[in-house]
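A short worksheet on the structure shown next.
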Amino acid sequence: MLTALMPMATDDDGGFKAPTVGEFFPGELIFVGTPFAMTRINLMGLLMAGVVCVFFVMAFAKPKLVPSGVQNLGEMAVDLVQKNVIDEALGEKGKKYAPYLISMFWLLFAFNITGILPTMHLAISSVIAIPVMFAVIAWLVFNIQGVRALGFFHYMKANLFPPGIPWPIYLLVTPIEFVSTFLLRPLTLTIRLLANMMAGHLLLVLFFSATSALLLADGFVKIFAIPSFIMGFAFTLFEILIAVLQAYIFTLLTAVYIDSATSEEH
Amino acid sequence: MKGRGDEFVWSMVGTLVAGPLVWGLIGMGVDHLLGITRIFLPIGVALGFITSLLVVYVRYGRNA
């Protein structure tokens, strides 16, 4: 019962077992041994993607001029990203990218929040394939839109040769600009999200495993189960903030990259 | 560029990491080619860092 409500790693006799990276590589559950084998995380991913799709379809399938019920929630969900990310970073030209950025934000949020949902206990985005997929799509979008807006040579020139630098210095500057714009951007997007989600999960497992092990222990050490549980609970609340914040940062940075790629001045 | 806040920090950090990384790796390669150890690596890291500071100034300081 407790393991369904709290993420924890215990050994066979219920004692304390420190969480390891093995947490992020669960065994195959269905279609075992075939190329279509799915783990618990794959199934959770499908479920959460389905939930996001169903929510938005329900909200906007039959839109009314005066919104009510689910449409109200749907409009709030759209407005949140529109006002805080798209208008902020892209301004007028953001309309074109709104479907992409809004879907990205809510999918990321859904994939992050599973880290604290009872029975799931693992952020889908704490498996590297998910942040990599989002980062590669963001990389493709900002580069393709940049090339479309400025033309290939102008786009490369704007990114690799910042104006106002004496030309011999370009020998030093251009490799740095190439690496920071074309390689480090997708890499940092991936690592920031992955590391936050992994660390959050490990902390929760650590505190709740310790709570369980301390409760089962003999003697006065039992009392330390209380602060351990309080810390676990506090970090669970903190993980809600992290789930929103990481989805926000990822979406905002993608919007900023699109804006800088499609602007004349860099 | 529009006057944005925190999101610029990430771009600046990217540039500040990329400078020492790129020129440090090039310096390490030169060390390896010449069969010497740890001469061009620190030179590359320092050069990369100074250059990345210049890029940050040009991109985000002077034109902000």
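Ordering of the structure tokens sets the chain letters (A, B, ...); residue numbers start at 1 within each chain; ligands are numbered from 1 in the order shown.
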
If we count only C-alpha atoms and set the cut-off at 9 Å, which residues sit around A:Thr254, ignoring sequence neighbours fewer than 2 positions away in its own chain? Please answer as a PyMOL selection string. chain A and resi 101+135+138-139+141-142+189+249-252+256-259

Residues from last step as file, N, CA and C atoms, as a CSV table (one decimal), in the first residue's frame:
```
chain,number,residue,atom,x,y,z
A,101,LEU,N,4.3,25.6,-29.4
A,101,LEU,CA,4.8,25.9,-28.0
A,101,LEU,C,3.8,25.5,-26.9
A,135,ALA,N,14.3,18.4,-27.4
A,135,ALA,CA,15.4,19.3,-27.8
A,135,ALA,C,15.7,19.3,-29.3
A,138,ALA,N,13.1,21.2,-31.1
A,138,ALA,CA,13.3,22.6,-30.9
A,138,ALA,C,14.4,23.1,-31.8
A,139,TRP,N,15.5,22.3,-31.8
A,139,TRP,CA,16.7,22.6,-32.7
A,139,TRP,C,16.3,22.7,-34.1
A,141,VAL,N,13.3,23.2,-35.4
A,141,VAL,CA,12.4,24.3,-35.6
A,141,VAL,C,13.1,25.7,-35.7
A,142,PHE,N,14.0,25.9,-34.7
A,142,PHE,CA,14.6,27.3,-34.8
A,142,PHE,C,15.6,27.4,-35.9
A,189,LEU,N,19.5,22.2,-23.2
A,189,LEU,CA,18.0,22.0,-23.1
A,189,LEU,C,17.8,20.6,-22.5
A,249,ILE,N,10.7,26.8,-18.5
A,249,ILE,CA,12.1,27.2,-19.0
A,249,ILE,C,12.3,26.6,-20.4
A,250,PHE,N,12.0,25.3,-20.6
A,250,PHE,CA,12.2,24.7,-21.9
A,250,PHE,C,11.4,25.4,-23.0
A,251,THR,N,10.2,25.7,-22.7
A,251,THR,CA,9.3,26.3,-23.7
A,251,THR,C,9.8,27.8,-24.0
A,252,LEU,N,10.1,28.5,-22.9
A,252,LEU,CA,10.6,29.9,-23.1
A,252,LEU,C,11.9,30.0,-23.9
A,256,VAL,N,12.7,31.8,-27.3
A,256,VAL,CA,13.8,32.8,-27.4
A,256,VAL,C,14.7,32.4,-28.6
A,257,TYR,N,15.0,31.1,-28.7
A,257,TYR,CA,15.9,30.7,-29.8
A,257,TYR,C,15.2,30.9,-31.2
A,258,ILE,N,13.9,30.7,-31.2
A,258,ILE,CA,13.2,30.9,-32.5
A,258,ILE,C,13.2,32.4,-32.8
A,259,ASP,N,13.0,33.2,-31.8
A,259,ASP,CA,13.0,34.7,-32.0
A,259,ASP,C,14.4,35.2,-32.5
```

Residues of chain B were defined as contacting chain A if any atom lay at most 8 Å from it, counting only C-alpha atoms; please report them as a ChimeraX atom specification. /B:1,4,7,14-15,17-19,22,48,51-52,55,58-59

Please write the residues from the selection above to a file, keeping N, CA, C and O atoms, as a PDB file, in the first residue's frame.
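Heads up, here's the output in again-v3.pdb:
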```pdb
ATOM      1  N   MET B   1      17.812  43.715 -30.011  1.00  0.00           N
ATOM      2  CA  MET B   1      17.261  42.655 -29.155  1.00  0.00           C
ATOM      3  C   MET B   1      16.332  43.239 -28.115  1.00  0.00           C
ATOM      4  O   MET B   1      16.604  44.288 -27.559  1.00  0.00           O
ATOM      5  N   ARG B   4      15.009  41.424 -22.519  1.00  0.00           N
ATOM      6  CA  ARG B   4      14.541  40.289 -21.738  1.00  0.00           C
ATOM      7  C   ARG B   4      15.496  40.029 -20.596  1.00  0.00           C
ATOM      8  O   ARG B   4      16.593  40.529 -20.548  1.00  0.00           O
ATOM      9  N   GLU B   7      16.307  34.734 -19.541  1.00  0.00           N
ATOM     10  CA  GLU B   7      16.620  33.833 -20.649  1.00  0.00           C
ATOM     11  C   GLU B   7      17.963  34.160 -21.306  1.00  0.00           C
ATOM     12  O   GLU B   7      18.618  33.294 -21.871  1.00  0.00           O
ATOM     13  N   GLY B  14      25.999  29.574 -22.056  1.00  0.00           N
ATOM     14  CA  GLY B  14      26.368  28.722 -23.193  1.00  0.00           C
ATOM     15  C   GLY B  14      27.638  29.210 -23.857  1.00  0.00           C
ATOM     16  O   GLY B  14      28.569  28.441 -24.113  1.00  0.00           O
ATOM     17  N   THR B  15      27.691  30.519 -24.102  1.00  0.00           N
ATOM     18  CA  THR B  15      28.876  31.098 -24.756  1.00  0.00           C
ATOM     19  C   THR B  15      30.100  30.986 -23.853  1.00  0.00           C
ATOM     20  O   THR B  15      31.191  30.629 -24.310  1.00  0.00           O
ATOM     21  N   VAL B  17      30.708  28.824 -21.608  1.00  0.00           N
ATOM     22  CA  VAL B  17      31.172  27.433 -21.519  1.00  0.00           C
ATOM     23  C   VAL B  17      31.845  27.032 -22.837  1.00  0.00           C
ATOM     24  O   VAL B  17      32.885  26.361 -22.839  1.00  0.00           O
ATOM     25  N   ALA B  18      31.216  27.457 -23.942  1.00  0.00           N
ATOM     26  CA  ALA B  18      31.714  27.046 -25.265  1.00  0.00           C
ATOM     27  C   ALA B  18      33.139  27.544 -25.518  1.00  0.00           C
ATOM     28  O   ALA B  18      33.948  26.818 -26.093  1.00  0.00           O
ATOM     29  N   GLY B  19      33.455  28.769 -25.084  1.00  0.00           N
ATOM     30  CA  GLY B  19      34.788  29.344 -25.349  1.00  0.00           C
ATOM     31  C   GLY B  19      35.926  28.478 -24.819  1.00  0.00           C
ATOM     32  O   GLY B  19      36.724  27.947 -25.603  1.00  0.00           O
ATOM     33  N   VAL B  22      35.887  24.837 -26.485  1.00  0.00           N
ATOM     34  CA  VAL B  22      36.365  24.705 -27.867  1.00  0.00           C
ATOM     35  C   VAL B  22      37.880  24.904 -27.934  1.00  0.00           C
ATOM     36  O   VAL B  22      38.615  24.049 -28.444  1.00  0.00           O
ATOM     37  N   GLY B  48      40.080  30.978 -24.924  1.00  0.00           N
ATOM     38  CA  GLY B  48      38.652  30.732 -25.158  1.00  0.00           C
ATOM     39  C   GLY B  48      37.792  31.542 -24.211  1.00  0.00           C
ATOM     40  O   GLY B  48      36.773  32.105 -24.603  1.00  0.00           O
ATOM     41  N   THR B  51      37.909  35.222 -25.193  1.00  0.00           N
ATOM     42  CA  THR B  51      37.137  35.436 -26.418  1.00  0.00           C
ATOM     43  C   THR B  51      35.634  35.359 -26.130  1.00  0.00           C
ATOM     44  O   THR B  51      34.855  36.145 -26.667  1.00  0.00           O
ATOM     45  N   SER B  52      35.244  34.397 -25.276  1.00  0.00           N
ATOM     46  CA  SER B  52      33.811  34.280 -24.985  1.00  0.00           C
ATOM     47  C   SER B  52      33.317  35.510 -24.220  1.00  0.00           C
ATOM     48  O   SER B  52      32.164  35.928 -24.400  1.00  0.00           O
ATOM     49  N   VAL B  55      32.629  38.001 -26.843  1.00  0.00           N
ATOM     50  CA  VAL B  55      31.372  37.700 -27.547  1.00  0.00           C
ATOM     51  C   VAL B  55      30.175  38.125 -26.686  1.00  0.00           C
ATOM     52  O   VAL B  55      29.227  38.736 -27.192  1.00  0.00           O
ATOM     53  N   VAL B  58      29.888  41.862 -26.896  1.00  0.00           N
ATOM     54  CA  VAL B  58      29.414  42.333 -28.202  1.00  0.00           C
ATOM     55  C   VAL B  58      27.930  42.003 -28.386  1.00  0.00           C
ATOM     56  O   VAL B  58      27.142  42.839 -28.810  1.00  0.00           O
ATOM     57  N   ARG B  59      27.546  40.761 -28.037  1.00  0.00           N
ATOM     58  CA  ARG B  59      26.162  40.326 -28.284  1.00  0.00           C
ATOM     59  C   ARG B  59      25.167  40.894 -27.275  1.00  0.00           C
ATOM     60  O   ARG B  59      24.061  41.274 -27.625  1.00  0.00           O
TER      61      ARG B  59
END
```

Select from stretch 173-206 of chain A every residue with an atom at most 10 Å from any atom of stretch 111-121 of chain A, then for each give the shortest pair of atoms and their distance in Å to one decimal, using only C-alpha atoms, rows by chain and rising number, as a tab-separated table.
```
residue	atom	partner	partner_atom	distance
A:Leu193	CA	A:Asn112	CA	9.1
A:Leu194	CA	A:Asn112	CA	9.9
A:Asn196	CA	A:Asn112	CA	9.8
A:Met197	CA	A:Asn112	CA	7.1
A:Met198	CA	A:Gly115	CA	9.3
A:Gly200	CA	A:Gly115	CA	8.0
A:His201	CA	A:Gly115	CA	6.5
A:Leu204	CA	A:Ile116	CA	8.7
A:Val205	CA	A:His121	CA	8.8
```

Backbone DSSP call of helix (DSSP H, G or I) for stretch 10-195 of chain A, listed as a PyMOL selection string: chain A and resi 21-24+40-60+70-113+124-126+129-150+152-160+167-195
